[in-house]
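Pasting start_29.json here (JSON, C-alpha atoms):
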[["chain", "number", "residue", "atom", "x", "y", "z"],
["A", 8, "MET", "CA", 0.00, 0.00, 0.00],
["A", 9, "LYS", "CA", 2.86, 2.39, 0.83],
["A", 10, "LYS", "CA", 4.47, 1.64, -2.54],
["A", 11, "ARG", "CA", 1.18, 2.42, -4.32],
["A", 12, "THR", "CA", 0.83, 5.69, -2.46],
["A", 13, "ALA", "CA", 4.41, 6.71, -3.27],
["A", 14, "LEU", "CA", 3.83, 5.73, -6.89],
["A", 15, "ALA", "CA", 0.64, 7.78, -7.08],
["A", 16, "TRP", "CA", 2.37, 10.86, -5.64],
["A", 17, "GLY", "CA", 5.32, 10.34, -7.99],
["A", 18, "VAL", "CA", 3.07, 10.12, -11.05],
["A", 19, "ALA", "CA", 1.15, 13.23, -9.93],
["A", 20, "ILE", "CA", 4.36, 15.23, -9.46],
["A", 21, "ILE", "CA", 5.76, 14.12, -12.81],
["A", 22, "CYS", "CA", 2.50, 15.04, -14.57],
["A", 23, "PHE", "CA", 2.55, 18.46, -12.91],
["A", 24, "VAL", "CA", 6.18, 19.11, -13.91],
["A", 25, "VAL", "CA", 5.53, 18.01, -17.51],
["A", 26, "LEU", "CA", 2.42, 20.20, -17.63],
["A", 27, "MET", "CA", 4.42, 23.21, -16.41],
["A", 28, "LEU", "CA", 7.09, 22.56, -19.04],
["A", 29, "ILE", "CA", 4.87, 22.10, -22.08],
["A", 30, "THR", "CA", 2.16, 24.68, -21.43],
["A", 31, "PRO", "CA", 2.59, 28.46, -21.64],
["A", 32, "ALA", "CA", 2.24, 30.68, -18.58],
["A", 33, "ILE", "CA", -1.20, 32.13, -17.89],
["A", 34, "PRO", "CA", -0.84, 35.75, -16.74],
["A", 35, "GLN", "CA", -3.54, 37.53, -14.76],
["A", 36, "SER", "CA", -5.56, 39.72, -17.13],
["A", 37, "GLU", "CA", -6.20, 43.29, -15.97],
["A", 38, "GLU", "CA", -9.66, 43.02, -17.54],
["A", 39, "TYR", "CA", -10.56, 40.59, -14.76],
["A", 40, "HIS", "CA", -10.93, 43.55, -12.39],
["A", 41, "ASP", "CA", -13.37, 45.35, -14.70],
["A", 42, "PHE", "CA", -16.68, 44.19, -13.25],
["A", 43, "ALA", "CA", -20.03, 45.08, -14.78],
["A", 44, "ASP", "CA", -21.66, 46.49, -11.66],
["A", 45, "GLN", "CA", -19.57, 49.33, -10.22],
["A", 46, "ARG", "CA", -22.38, 51.22, -8.52],
["A", 47, "ASN", "CA", -21.82, 52.75, -5.09],
["A", 48, "TYR", "CA", -24.48, 52.85, -2.36],
["A", 49, "PHE", "CA", -24.13, 54.21, 1.17],
["A", 50, "GLY", "CA", -20.55, 55.19, 0.39],
["A", 51, "ILE", "CA", -19.52, 51.56, -0.29],
["A", 52, "PRO", "CA", -17.63, 51.09, -3.59],
["A", 53, "ASN", "CA", -18.98, 48.28, -5.79],
["A", 54, "THR", "CA", -21.69, 47.78, -3.20],
["A", 55, "LEU", "CA", -23.51, 44.68, -4.42],
["A", 56, "ASN", "CA", -20.30, 42.78, -5.16],
["A", 57, "VAL", "CA", -19.14, 43.59, -1.62],
["A", 58, "ILE", "CA", -22.25, 42.83, 0.43],
["A", 59, "SER", "CA", -23.12, 39.68, -1.56],
["A", 60, "ASN", "CA", -20.22, 38.02, 0.29],
["A", 61, "PHE", "CA", -22.04, 38.23, 3.63],
["A", 62, "PRO", "CA", -23.63, 34.73, 3.35],
["A", 63, "PHE", "CA", -20.14, 33.19, 3.37],
["A", 64, "LEU", "CA", -19.47, 34.73, 6.78],
["A", 65, "VAL", "CA", -22.77, 33.50, 8.21],
["A", 66, "VAL", "CA", -22.46, 29.92, 6.92],
["A", 67, "GLY", "CA", -18.77, 29.71, 7.81],
["A", 68, "LEU", "CA", -19.30, 30.81, 11.40],
["A", 69, "ILE", "CA", -22.35, 28.56, 11.87],
["A", 70, "GLY", "CA", -20.45, 25.57, 10.50],
["A", 71, "LEU", "CA", -17.44, 26.32, 12.67],
["A", 72, "VAL", "CA", -19.55, 26.57, 15.82],
["A", 73, "LEU", "CA", -21.45, 23.36, 15.06],
["A", 74, "CYS", "CA", -18.17, 21.48, 14.50],
["A", 75, "TYR", "CA", -17.40, 21.98, 18.20],
["A", 76, "TYR", "CA", -20.85, 22.40, 19.78],
["A", 77, "GLY", "CA", -21.48, 19.04, 21.42],
["A", 78, "ASN", "CA", -20.18, 17.28, 18.30],
["A", 79, "TYR", "CA", -23.40, 18.29, 16.53],
["A", 80, "PHE", "CA", -22.06, 17.00, 13.20],
["A", 81, "LYS", "CA", -21.12, 13.62, 14.73],
["A", 82, "LEU", "CA", -17.58, 13.74, 13.38],
["A", 83, "SER", "CA", -16.11, 10.40, 14.39],
["A", 84, "LEU", "CA", -12.51, 10.95, 13.24],
["A", 85, "GLN", "CA", -10.02, 13.57, 14.43],
["A", 86, "GLY", "CA", -8.91, 14.20, 10.85],
["A", 87, "GLU", "CA", -12.50, 15.02, 9.89],
["A", 88, "LEU", "CA", -12.76, 17.63, 12.61],
["A", 89, "CYS", "CA", -9.51, 19.22, 11.48],
["A", 90, "GLY", "CA", -10.51, 19.16, 7.80],
["A", 91, "TRP", "CA", -13.97, 20.64, 8.34],
["A", 92, "THR", "CA", -12.52, 23.25, 10.68],
["A", 93, "PHE", "CA", -10.19, 24.47, 7.95],
["A", 94, "PHE", "CA", -13.05, 24.37, 5.45],
["A", 95, "PHE", "CA", -15.39, 26.56, 7.50],
["A", 96, "ILE", "CA", -12.55, 28.93, 8.43],
["A", 97, "GLY", "CA", -11.83, 29.27, 4.72],
["A", 98, "VAL", "CA", -15.53, 29.90, 3.95],
["A", 99, "ALA", "CA", -15.85, 32.59, 6.62],
["A", 100, "ALA", "CA", -12.58, 34.19, 5.46],
["A", 101, "VAL", "CA", -13.90, 34.34, 1.87],
["A", 102, "ALA", "CA", -16.42, 36.93, 3.03],
["A", 103, "ILE", "CA", -13.65, 39.13, 4.44],
["A", 104, "GLY", "CA", -11.11, 38.59, 1.65],
["A", 105, "SER", "CA", -13.57, 38.96, -1.21],
["A", 106, "SER", "CA", -15.18, 42.06, 0.30],
["A", 107, "TYR", "CA", -11.75, 43.62, 0.78],
["A", 108, "TYR", "CA", -10.90, 42.87, -2.85],
["A", 109, "HIS", "CA", -14.14, 44.23, -4.32],
["A", 110, "LEU", "CA", -13.78, 47.53, -2.45],
["A", 111, "LYS", "CA", -10.84, 48.28, -4.76],
["A", 112, "PRO", "CA", -10.20, 45.48, -7.27],
["A", 113, "ASN", "CA", -6.52, 44.92, -8.11],
["A", 114, "ASP", "CA", -3.97, 42.10, -8.11],
["A", 115, "ALA", "CA", -2.63, 42.88, -4.64],
["A", 116, "ARG", "CA", -6.08, 42.60, -3.07],
["A", 117, "LEU", "CA", -7.03, 39.62, -5.22],
["A", 118, "VAL", "CA", -4.53, 37.55, -3.23],
["A", 119, "TRP", "CA", -6.74, 37.89, -0.15],
["A", 120, "ASP", "CA", -9.79, 36.91, -2.17],
["A", 121, "ARG", "CA", -8.24, 33.74, -3.56],
["A", 122, "LEU", "CA", -6.30, 32.59, -0.50],
["A", 123, "PRO", "CA", -9.33, 31.62, 1.66],
["A", 124, "MET", "CA", -11.01, 29.97, -1.34],
["A", 125, "THR", "CA", -7.88, 27.86, -1.79],
["A", 126, "VAL", "CA", -7.99, 26.83, 1.87],
["A", 127, "ALA", "CA", -11.59, 25.67, 1.36],
["A", 128, "PHE", "CA", -10.78, 23.78, -1.86],
["A", 129, "THR", "CA", -7.78, 21.91, -0.51],
["A", 130, "SER", "CA", -9.39, 21.01, 2.82],
["A", 131, "ILE", "CA", -12.33, 19.49, 0.93],
["A", 132, "ILE", "CA", -9.97, 17.20, -0.98],
["A", 133, "ALA", "CA", -8.40, 16.07, 2.31],
["A", 134, "ILE", "CA", -11.86, 15.41, 3.76],
["A", 135, "PHE", "CA", -12.75, 13.26, 0.78],
["A", 136, "ILE", "CA", -9.57, 11.22, 1.17],
["A", 137, "ILE", "CA", -10.35, 10.72, 4.87],
["A", 138, "GLU", "CA", -13.94, 9.62, 4.24],
["A", 139, "ARG", "CA", -13.53, 7.52, 1.11],
["A", 140, "VAL", "CA", -9.93, 6.38, 0.72],
["A", 141, "ASP", "CA", -7.95, 6.16, 3.96],
["A", 142, "ALA", "CA", -8.52, 8.12, 7.18],
["A", 143, "ARG", "CA", -4.86, 8.18, 8.20],
["A", 144, "LYS", "CA", -3.56, 9.25, 4.80],
["A", 145, "GLY", "CA", -6.30, 11.86, 4.49],
["A", 146, "THR", "CA", -5.41, 13.34, 7.87],
["A", 147, "PHE", "CA", -1.73, 13.57, 6.98],
["A", 148, "SER", "CA", -2.62, 15.15, 3.63],
["A", 149, "ILE", "CA", -4.40, 18.17, 5.17],
["A", 150, "ILE", "CA", -1.31, 20.30, 5.79],
["A", 151, "PRO", "CA", 0.50, 19.39, 2.52],
["A", 152, "LEU", "CA", -2.63, 20.18, 0.52],
["A", 153, "LEU", "CA", -3.12, 23.50, 2.31],
["A", 154, "LEU", "CA", 0.53, 24.38, 1.69],
["A", 155, "ALA", "CA", 0.16, 23.45, -1.99],
["A", 156, "GLY", "CA", -2.76, 25.86, -2.20],
["A", 157, "VAL", "CA", -0.84, 28.67, -0.55],
["A", 158, "VAL", "CA", 2.19, 28.05, -2.79],
["A", 159, "SER", "CA", -0.03, 28.24, -5.89],
["A", 160, "ILE", "CA", -1.20, 31.70, -4.81],
["A", 161, "LEU", "CA", 2.35, 32.88, -4.07],
["A", 162, "TYR", "CA", 3.58, 31.48, -7.40],
["A", 163, "TRP", "CA", 0.91, 33.43, -9.26],
["A", 164, "ARG", "CA", 1.68, 36.62, -7.34],
["A", 165, "PHE", "CA", 5.45, 36.52, -7.83],
["A", 166, "PHE", "CA", 5.61, 35.00, -11.34],
["A", 167, "ASP", "CA", 2.27, 36.18, -12.77],
["A", 168, "ASP", "CA", 1.38, 32.62, -13.74],
["A", 169, "LEU", "CA", -2.03, 31.17, -12.89],
["A", 170, "ARG", "CA", -1.36, 27.56, -13.90],
["A", 171, "PRO", "CA", -0.76, 26.10, -10.40],
["A", 172, "TYR", "CA", -3.71, 28.04, -8.98],
["A", 173, "ALA", "CA", -5.93, 26.86, -11.85],
["A", 174, "LEU", "CA", -5.07, 23.25, -10.97],
["A", 175, "VAL", "CA", -5.82, 23.81, -7.28],
["A", 176, "GLN", "CA", -9.16, 25.39, -8.15],
["A", 177, "PHE", "CA", -10.41, 23.16, -10.94],
["A", 178, "VAL", "CA", -9.06, 19.72, -9.97],
["A", 179, "PRO", "CA", -11.46, 19.57, -6.98],
["A", 180, "CYS", "CA", -14.32, 20.55, -9.32],
["A", 181, "ILE", "CA", -13.66, 17.38, -11.31],
["A", 182, "ALA", "CA", -12.33, 15.08, -8.60],
["A", 183, "ILE", "CA", -15.06, 15.66, -6.01],
["A", 184, "PRO", "CA", -18.10, 14.76, -8.19],
["A", 185, "VAL", "CA", -16.25, 11.76, -9.64],
["A", 186, "MET", "CA", -15.17, 10.54, -6.20],
["A", 187, "ALA", "CA", -18.65, 11.19, -4.81],
["A", 188, "ILE", "CA", -20.15, 8.92, -7.48],
["A", 189, "LEU", "CA", -17.55, 6.16, -7.66],
["A", 190, "LEU", "CA", -16.16, 5.78, -4.12],
["A", 191, "PRO", "CA", -18.31, 4.23, -1.36],
["A", 192, "PRO", "CA", -19.15, 6.87, 1.29],
["A", 193, "MET", "CA", -18.83, 6.49, 5.03],
["A", 194, "TYR", "CA", -22.05, 8.44, 5.60],
["A", 195, "THR", "CA", -25.54, 8.89, 4.17],
["A", 196, "HIS", "CA", -26.77, 11.88, 2.12],
["A", 197, "SER", "CA", -23.84, 11.66, -0.27],
["A", 198, "THR", "CA", -25.89, 13.34, -3.03],
["A", 199, "TYR", "CA", -25.43, 16.67, -1.24],
["A", 200, "TRP", "CA", -21.88, 16.67, -2.61],
["A", 201, "LEU", "CA", -23.30, 16.67, -6.13],
["A", 202, "TRP", "CA", -25.68, 19.51, -5.33],
["A", 203, "ALA", "CA", -22.76, 21.52, -3.97],
["A", 204, "ALA", "CA", -20.69, 20.79, -7.08],
["A", 205, "GLY", "CA", -23.61, 21.80, -9.29],
["A", 206, "PHE", "CA", -24.01, 25.16, -7.58],
["A", 207, "TYR", "CA", -20.29, 25.82, -7.84],
["A", 208, "LEU", "CA", -20.36, 25.08, -11.57],
["A", 209, "LEU", "CA", -23.34, 27.41, -11.95],
["A", 210, "ALA", "CA", -21.42, 30.09, -10.03],
["A", 211, "LYS", "CA", -18.48, 29.83, -12.43],
["A", 212, "ILE", "CA", -20.82, 30.23, -15.41],
["A", 213, "GLU", "CA", -22.37, 33.31, -13.83],
["A", 214, "GLU", "CA", -18.92, 34.73, -13.16],
["A", 215, "ALA", "CA", -18.00, 34.34, -16.84],
["A", 216, "ALA", "CA", -21.31, 35.94, -17.86],
["A", 217, "ASP", "CA", -20.94, 38.93, -15.53],
["A", 218, "LYS", "CA", -21.71, 41.65, -18.07],
["A", 219, "PRO", "CA", -24.28, 39.75, -20.19],
["A", 220, "ILE", "CA", -26.34, 39.00, -17.05],
["A", 221, "TYR", "CA", -26.06, 42.64, -15.98],
["A", 222, "ASN", "CA", -27.43, 43.73, -19.35],
["A", 223, "LEU", "CA", -30.17, 41.07, -19.41],
["A", 224, "THR", "CA", -31.42, 42.16, -15.97],
["A", 225, "HIS", "CA", -31.48, 45.81, -17.15],
["A", 226, "HIS", "CA", -28.64, 46.69, -14.75],
["A", 227, "ILE", "CA", -30.46, 45.36, -11.70],
["A", 228, "VAL", "CA", -27.87, 42.72, -10.76],
["A", 229, "SER", "CA", -24.65, 41.46, -12.33],
["A", 230, "GLY", "CA", -23.44, 37.93, -12.93],
["A", 231, "HIS", "CA", -20.64, 38.35, -10.39],
["A", 232, "THR", "CA", -23.05, 39.30, -7.62],
["A", 233, "ILE", "CA", -25.24, 36.28, -8.38],
["A", 234, "LYS", "CA", -22.06, 34.20, -8.53],
["A", 235, "HIS", "CA", -21.31, 35.07, -4.88],
["A", 236, "LEU", "CA", -24.81, 34.05, -3.81],
["A", 237, "CYS", "CA", -24.68, 30.81, -5.80],
["A", 238, "ALA", "CA", -21.21, 29.90, -4.53],
["A", 239, "SER", "CA", -22.37, 30.45, -0.94],
["A", 240, "MET", "CA", -24.87, 27.63, -1.50],
["A", 241, "VAL", "CA", -21.93, 25.20, -1.63],
["A", 242, "PRO", "CA", -21.17, 25.43, 2.12],
["A", 243, "VAL", "CA", -24.91, 25.61, 2.81],
["A", 244, "PHE", "CA", -25.48, 22.19, 1.22],
["A", 245, "LEU", "CA", -22.41, 20.72, 2.89],
["A", 246, "THR", "CA", -23.56, 22.04, 6.27],
["A", 247, "LEU", "CA", -27.00, 20.48, 5.73],
["A", 248, "MET", "CA", -25.30, 17.23, 4.76],
["A", 249, "LEU", "CA", -23.25, 17.22, 7.96],
["A", 250, "ALA", "CA", -26.37, 17.91, 10.05],
["A", 251, "LYS", "CA", -28.45, 15.13, 8.46],
["A", 252, "ARG", "CA", -26.03, 12.33, 7.70],
["A", 253, "GLU", "CA", -25.59, 9.08, 9.60],
["A", 254, "VAL", "CA", -22.86, 6.43, 9.50],
["A", 255, "LEU", "CA", -23.59, 3.77, 6.88],
["A", 256, "GLU", "CA", -23.58, 0.14, 8.00],
["A", 257, "GLU", "CA", -22.85, -1.01, 4.45],
["A", 258, "ARG", "CA", -20.75, 1.27, 2.24],
["A", 259, "VAL", "CA", -22.15, 1.41, -1.29],
["A", 260, "SER", "CA", -21.17, 3.98, -3.90],
["A", 261, "LEU", "CA", -23.74, 6.28, -5.49],
["A", 262, "LEU", "CA", -23.12, 4.57, -8.83],
["A", 263, "GLN", "CA", -23.98, 1.19, -7.34],
["A", 264, "THR", "CA", -27.05, 2.68, -5.64],
["A", 265, "TRP", "CA", -28.27, 4.13, -8.93],
["A", 266, "ARG", "CA", -27.72, 0.80, -10.69],
["A", 267, "ILE", "CA", -29.71, -1.05, -8.02],
["A", 268, "SER", "CA", -32.52, 1.51, -8.24],
["A", 269, "ARG", "CA", -32.58, 1.24, -12.04],
["A", 270, "THR", "CA", -32.72, -2.55, -11.84],
["A", 271, "LYS", "CA", -35.64, -2.38, -9.40],
["A", 272, "VAL", "CA", -37.50, 0.05, -11.65],
["A", 273, "LYS", "CA", -37.01, -2.28, -14.62],
["A", 274, "GLU", "CA", -38.16, -5.29, -12.58],
["A", 275, "ASN", "CA", -41.25, -3.41, -11.38],
["A", 276, "GLY", "CA", -41.99, -2.37, -14.95],
["A", 277, "THR", "CA", -41.68, -5.99, -16.09],
["A", 278, "ASN", "CA", -44.00, -7.16, -13.33],
["A", 279, "VAL", "CA", -46.60, -4.55, -14.28],
["A", 280, "ASP", "CA", -46.44, -5.67, -17.93],
["A", 281, "ASN", "CA", -46.88, -9.30, -16.90],
["A", 282, "VAL", "CA", -49.90, -8.44, -14.77],
["A", 283, "SER", "CA", -51.43, -6.51, -17.68],
["A", 284, "CYS", "CA", -50.89, -9.45, -20.00],
["A", 285, "THR", "CA", -52.47, -11.81, -17.48],
["A", 286, "TYR", "CA", -55.58, -9.69, -17.24],
["A", 287, "SER", "CA", -55.79, -9.36, -21.01],
["A", 288, "VAL", "CA", -56.17, -13.10, -21.62],
["A", 289, "VAL", "CA", -58.98, -13.66, -19.10],
["A", 290, "PRO", "CA", -62.05, -14.68, -21.14],
["A", 291, "VAL", "CA", -65.21, -12.64, -20.88],
["A", 292, "THR", "CA", -68.37, -14.66, -20.45],
["A", 293, "ALA", "CA", -71.92, -13.52, -20.96]]

Before anything else, please render the file you have as structure tokens.
Amino acid sequence: MKKRTALAWGVAIICFVVLMLITPAIPQSEEYHDFADQRNYFGIPNTLNVISNFPFLVVGLIGLVLCYYGNYFKLSLQGELCGWTFFFIGVAAVAIGSSYYHLKPNDARLVWDRLPMTVAFTSIIAIFIIERVDARKGTFSIIPLLLAGVVSILYWRFFDDLRPYALVQFVPCIAIPVMAILLPPMYTHSTYWLWAAGFYLLAKIEEAADKPIYNLTHHIVSGHTIKHLCASMVPVFLTLMLAKREVLEERVSLLQTWRISRTKVKENGTNVDNVSCTYSVVPVTA
């Protein structure tokens, strides 16, 4: 098992190095800071883009409190508690960092917007490893993953290259739904992971359509503002999942569950057809 783990890390590192060698650098575009909605209310610059971060603070603080309030989330492993703690700290910090950035958008402030998001992304990966691969390895991966996230931000800031940060941000977007479907969970309500991933994908689409959405809504709200609200639904769904879930006696992946459900539906459909056929051949007597 140790050899497999070392091999997996070795392959990942080699792939990363090759990717960095064969792909061009991705500099931060200055146009990124040119948001559609730049209206000021109550003396707050870019008001809606600033205050739309407030839900992150609320959900982050609630999640952090419930992690330690009488073990409300029923976290059975120490690594889980550590991972979810970092996640909710990252979520709450997004509200502060993103608000600070949107008051005066520039590269220097963007660091404090992206850093807490990176903490949330990387801690989620560690949590998934703990729950679905190996608890010990997942626990030990928390700090290295967090450091990898921080390094990706520093690399972008000093070398104006977004490639490492892009990997840290988008790999979880692919890995988490795939792992949620294929790997057997430790707990119930695993579909909440997919809801969270869906809302994050929707948020990224809204971010890309910032100005078109602003124009379509007749300058009522921009895509970036809606993006904040949509992205805040990610920790909302994960908090609900933690509150509702129970330990599974038998670990079955979502894919297996769907296959079983599909088989049952087909069997029920076959039974209904058979019953219909039976009734159809009963003779009618006068």

Please provide the set of residues having any atom within 12 Å of Arg258 of chain A, restricted to only C-alpha atoms, with same-chain residues fewer than 5 positions apart removed, written as a PyMOL selection string.
-> chain A and resi 138-139+189-195+197+253+263-264

Atom-to-atom span, atom CA of Ala43 of chain A and atom CA of His235 of chain A, Å = 14.1 Å

Residue with the minimum atom-to-atom distance to Trp119 of chain A, picked from A:Val25, A:Ile160, A:Ile149, A:Ile58 with all atoms listed in the file counted, is A:Ile160

Atom-to-atom span, atom CA of Asp141 of chain A and atom CA of Leu84 of chain A, Å |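 Straight-line distance from atom CA of Asp141 of chain A to atom CA of Leu84 of chain A works out to 11.4 Å.
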
Might you pull out every residue within 9 Å of Cys74 of chain A, with only C-alpha atoms counted and same-chain residues fewer than 6 positions away left off, and present them as number ranges by chain?
-> A: 80-82, 88, 91-92

Write to file, as an mmCIF file, in the frame of the given file, the residues of the selection just made, with C-alpha atoms.
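The resulting again.cif:
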data_model
loop_
_atom_site.group_PDB
_atom_site.id
_atom_site.type_symbol
_atom_site.label_atom_id
_atom_site.label_comp_id
_atom_site.auth_asym_id
_atom_site.auth_seq_id
_atom_site.Cartn_x
_atom_site.Cartn_y
_atom_site.Cartn_z
ATOM 1 C CA PHE A 80 -22.060 17.000 13.200
ATOM 2 C CA LYS A 81 -21.120 13.620 14.730
ATOM 3 C CA LEU A 82 -17.580 13.740 13.380
ATOM 4 C CA LEU A 88 -12.760 17.630 12.610
ATOM 5 C CA TRP A 91 -13.970 20.640 8.340
ATOM 6 C CA THR A 92 -12.520 23.250 10.680
#

Distance query segment 107-118 of chain A at most 12 Å, all atoms listed in the file, self and fewer than 5 positions along chain excluded, as a count of residues only | 48

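Comparing the minimum interatomic distances between Phe95 of chain A and each of A:Gly17, A:Gly77, A:Gly145, A:Gly67, counting all atoms listed in the file, we find that A:Gly67 sits nearest.
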
Could you build a table of the residues in segment 139-187 of chain A lying no more than 12 Å from segment 205-216 of chain A, giving for each the nearest pair of atoms and their separation in Å rounded to one decimal place, using only C-alpha atoms, ordered by chain and ascending residue number, as a Markdown table?
| residue | atom | partner | partner_atom | distance |
| --- | --- | --- | --- | --- |
| A:Gln176 | CA | A:Tyr207 | CA | 11.1 |
| A:Phe177 | CA | A:Leu208 | CA | 10.2 |
| A:Pro179 | CA | A:Tyr207 | CA | 10.9 |
| A:Cys180 | CA | A:Leu208 | CA | 7.9 |
| A:Ile181 | CA | A:Leu208 | CA | 10.2 |
| A:Ile183 | CA | A:Gly205 | CA | 11.0 |
| A:Pro184 | CA | A:Gly205 | CA | 9.0 |

Would you mind listing what lies within 8 Å of Tyr199 of chain A as a ChimeraX atom specification, with all atoms listed in the file counted and same-chain residues fewer than 6 positions away left out?
-> /A:244-245,248

Selected residues written out, C-alpha atoms, as a PDB file, in the coordinates of the input:
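What follows is the written file result.pdb:
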ATOM      1  CA  PHE A 244     -25.480  22.190   1.220  1.00  0.00           C
ATOM      2  CA  LEU A 245     -22.410  20.720   2.890  1.00  0.00           C
ATOM      3  CA  MET A 248     -25.300  17.230   4.760  1.00  0.00           C
TER       4      MET A 248
END

Between atom CA of Val66 of chain A and atom CA of Ser106 of chain A - distance in Å to one decimal | 15.6 Å

So which one's closest to Lys251 of chain A, A:Asn275, A:Asn222, A:Thr198, A:Gln85? Using only C-alpha atoms, please.
-> A:Thr198

Shortest interatomic distance to Glu87 of chain A - which of A:Ala238, A:Leu71, A:Leu201, A:Ile134, counting all atoms listed in the file =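 The answer is A:Ile134, which sits nearest to Glu87 of chain A.
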
Of the candidates A:Gly97, A:Ile188, A:Lys234, A:Ile33, which one gets nearest to Val259 of chain A if we count all atoms listed in the file?
->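 Using all atoms listed in the file, Val259 of chain A sits closest to A:Ile188.
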
Padding 4 Å on each side, edges along x, y and z: where is the centre of the box around the listed atoms of segment 208-216 of chain A, and how long are its edges in Å to one decimal? Output it as JSON.
{"center_x": -20.7, "center_y": 30.5, "center_z": -13.9, "size_x": 13.3, "size_y": 18.9, "size_z": 15.8}

Which one of A:Lys218, A:Thr129, A:Leu122, A:Ala173 sits closest to Phe23 of chain A if you count only C-alpha atoms?
->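 Distance minimum relative to Phe23 of chain A lands on A:Ala173.
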
Your completed segment 182-187 of chain A with all heavy atoms, as a PDB file, in the coordinates of the input:
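Written output follows (rebuild.pdb):
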ATOM      1  N   ALA A 182     -12.599  16.236  -9.476  1.00  0.00           N
ATOM      2  CA  ALA A 182     -12.330  15.080  -8.600  1.00  0.00           C
ATOM      3  C   ALA A 182     -13.470  14.811  -7.629  1.00  0.00           C
ATOM      4  O   ALA A 182     -13.840  13.645  -7.417  1.00  0.00           O
ATOM      5  CB  ALA A 182     -11.028  15.300  -7.838  1.00  0.00           C
ATOM      6  N   ILE A 183     -14.049  15.855  -7.043  1.00  0.00           N
ATOM      7  CA  ILE A 183     -15.060  15.660  -6.010  1.00  0.00           C
ATOM      8  C   ILE A 183     -16.330  14.992  -6.558  1.00  0.00           C
ATOM      9  O   ILE A 183     -16.797  14.001  -5.982  1.00  0.00           O
ATOM     10  CB  ILE A 183     -15.371  16.983  -5.297  1.00  0.00           C
ATOM     11  CG1 ILE A 183     -14.184  17.357  -4.397  1.00  0.00           C
ATOM     12  CG2 ILE A 183     -16.651  16.876  -4.465  1.00  0.00           C
ATOM     13  CD1 ILE A 183     -14.321  18.698  -3.729  1.00  0.00           C
ATOM     14  N   PRO A 184     -16.929  15.473  -7.657  1.00  0.00           N
ATOM     15  CA  PRO A 184     -18.100  14.760  -8.190  1.00  0.00           C
ATOM     16  C   PRO A 184     -17.796  13.321  -8.588  1.00  0.00           C
ATOM     17  O   PRO A 184     -18.599  12.418  -8.335  1.00  0.00           O
ATOM     18  CB  PRO A 184     -18.510  15.606  -9.401  1.00  0.00           C
ATOM     19  CG  PRO A 184     -17.949  16.947  -9.150  1.00  0.00           C
ATOM     20  CD  PRO A 184     -16.668  16.714  -8.417  1.00  0.00           C
ATOM     21  N   VAL A 185     -16.622  13.114  -9.211  1.00  0.00           N
ATOM     22  CA  VAL A 185     -16.250  11.760  -9.640  1.00  0.00           C
ATOM     23  C   VAL A 185     -16.085  10.847  -8.430  1.00  0.00           C
ATOM     24  O   VAL A 185     -16.595   9.714  -8.401  1.00  0.00           O
ATOM     25  CB  VAL A 185     -14.953  11.789 -10.475  1.00  0.00           C
ATOM     26  CG1 VAL A 185     -14.449  10.374 -10.736  1.00  0.00           C
ATOM     27  CG2 VAL A 185     -15.185  12.502 -11.803  1.00  0.00           C
ATOM     28  N   MET A 186     -15.369  11.342  -7.406  1.00  0.00           N
ATOM     29  CA  MET A 186     -15.170  10.540  -6.200  1.00  0.00           C
ATOM     30  C   MET A 186     -16.487  10.309  -5.470  1.00  0.00           C
ATOM     31  O   MET A 186     -16.718   9.234  -4.906  1.00  0.00           O
ATOM     32  CB  MET A 186     -14.163  11.242  -5.272  1.00  0.00           C
ATOM     33  CG  MET A 186     -12.737  11.265  -5.808  1.00  0.00           C
ATOM     34  SD  MET A 186     -11.647  12.354  -4.852  1.00  0.00           S
ATOM     35  CE  MET A 186     -11.475  11.414  -3.345  1.00  0.00           C
ATOM     36  N   ALA A 187     -17.358  11.316  -5.485  1.00  0.00           N
ATOM     37  CA  ALA A 187     -18.650  11.190  -4.810  1.00  0.00           C
ATOM     38  C   ALA A 187     -19.513  10.101  -5.458  1.00  0.00           C
ATOM     39  O   ALA A 187     -20.297   9.426  -4.784  1.00  0.00           O
ATOM     40  CB  ALA A 187     -19.389  12.521  -4.847  1.00  0.00           C
TER      41      ALA A 187
END
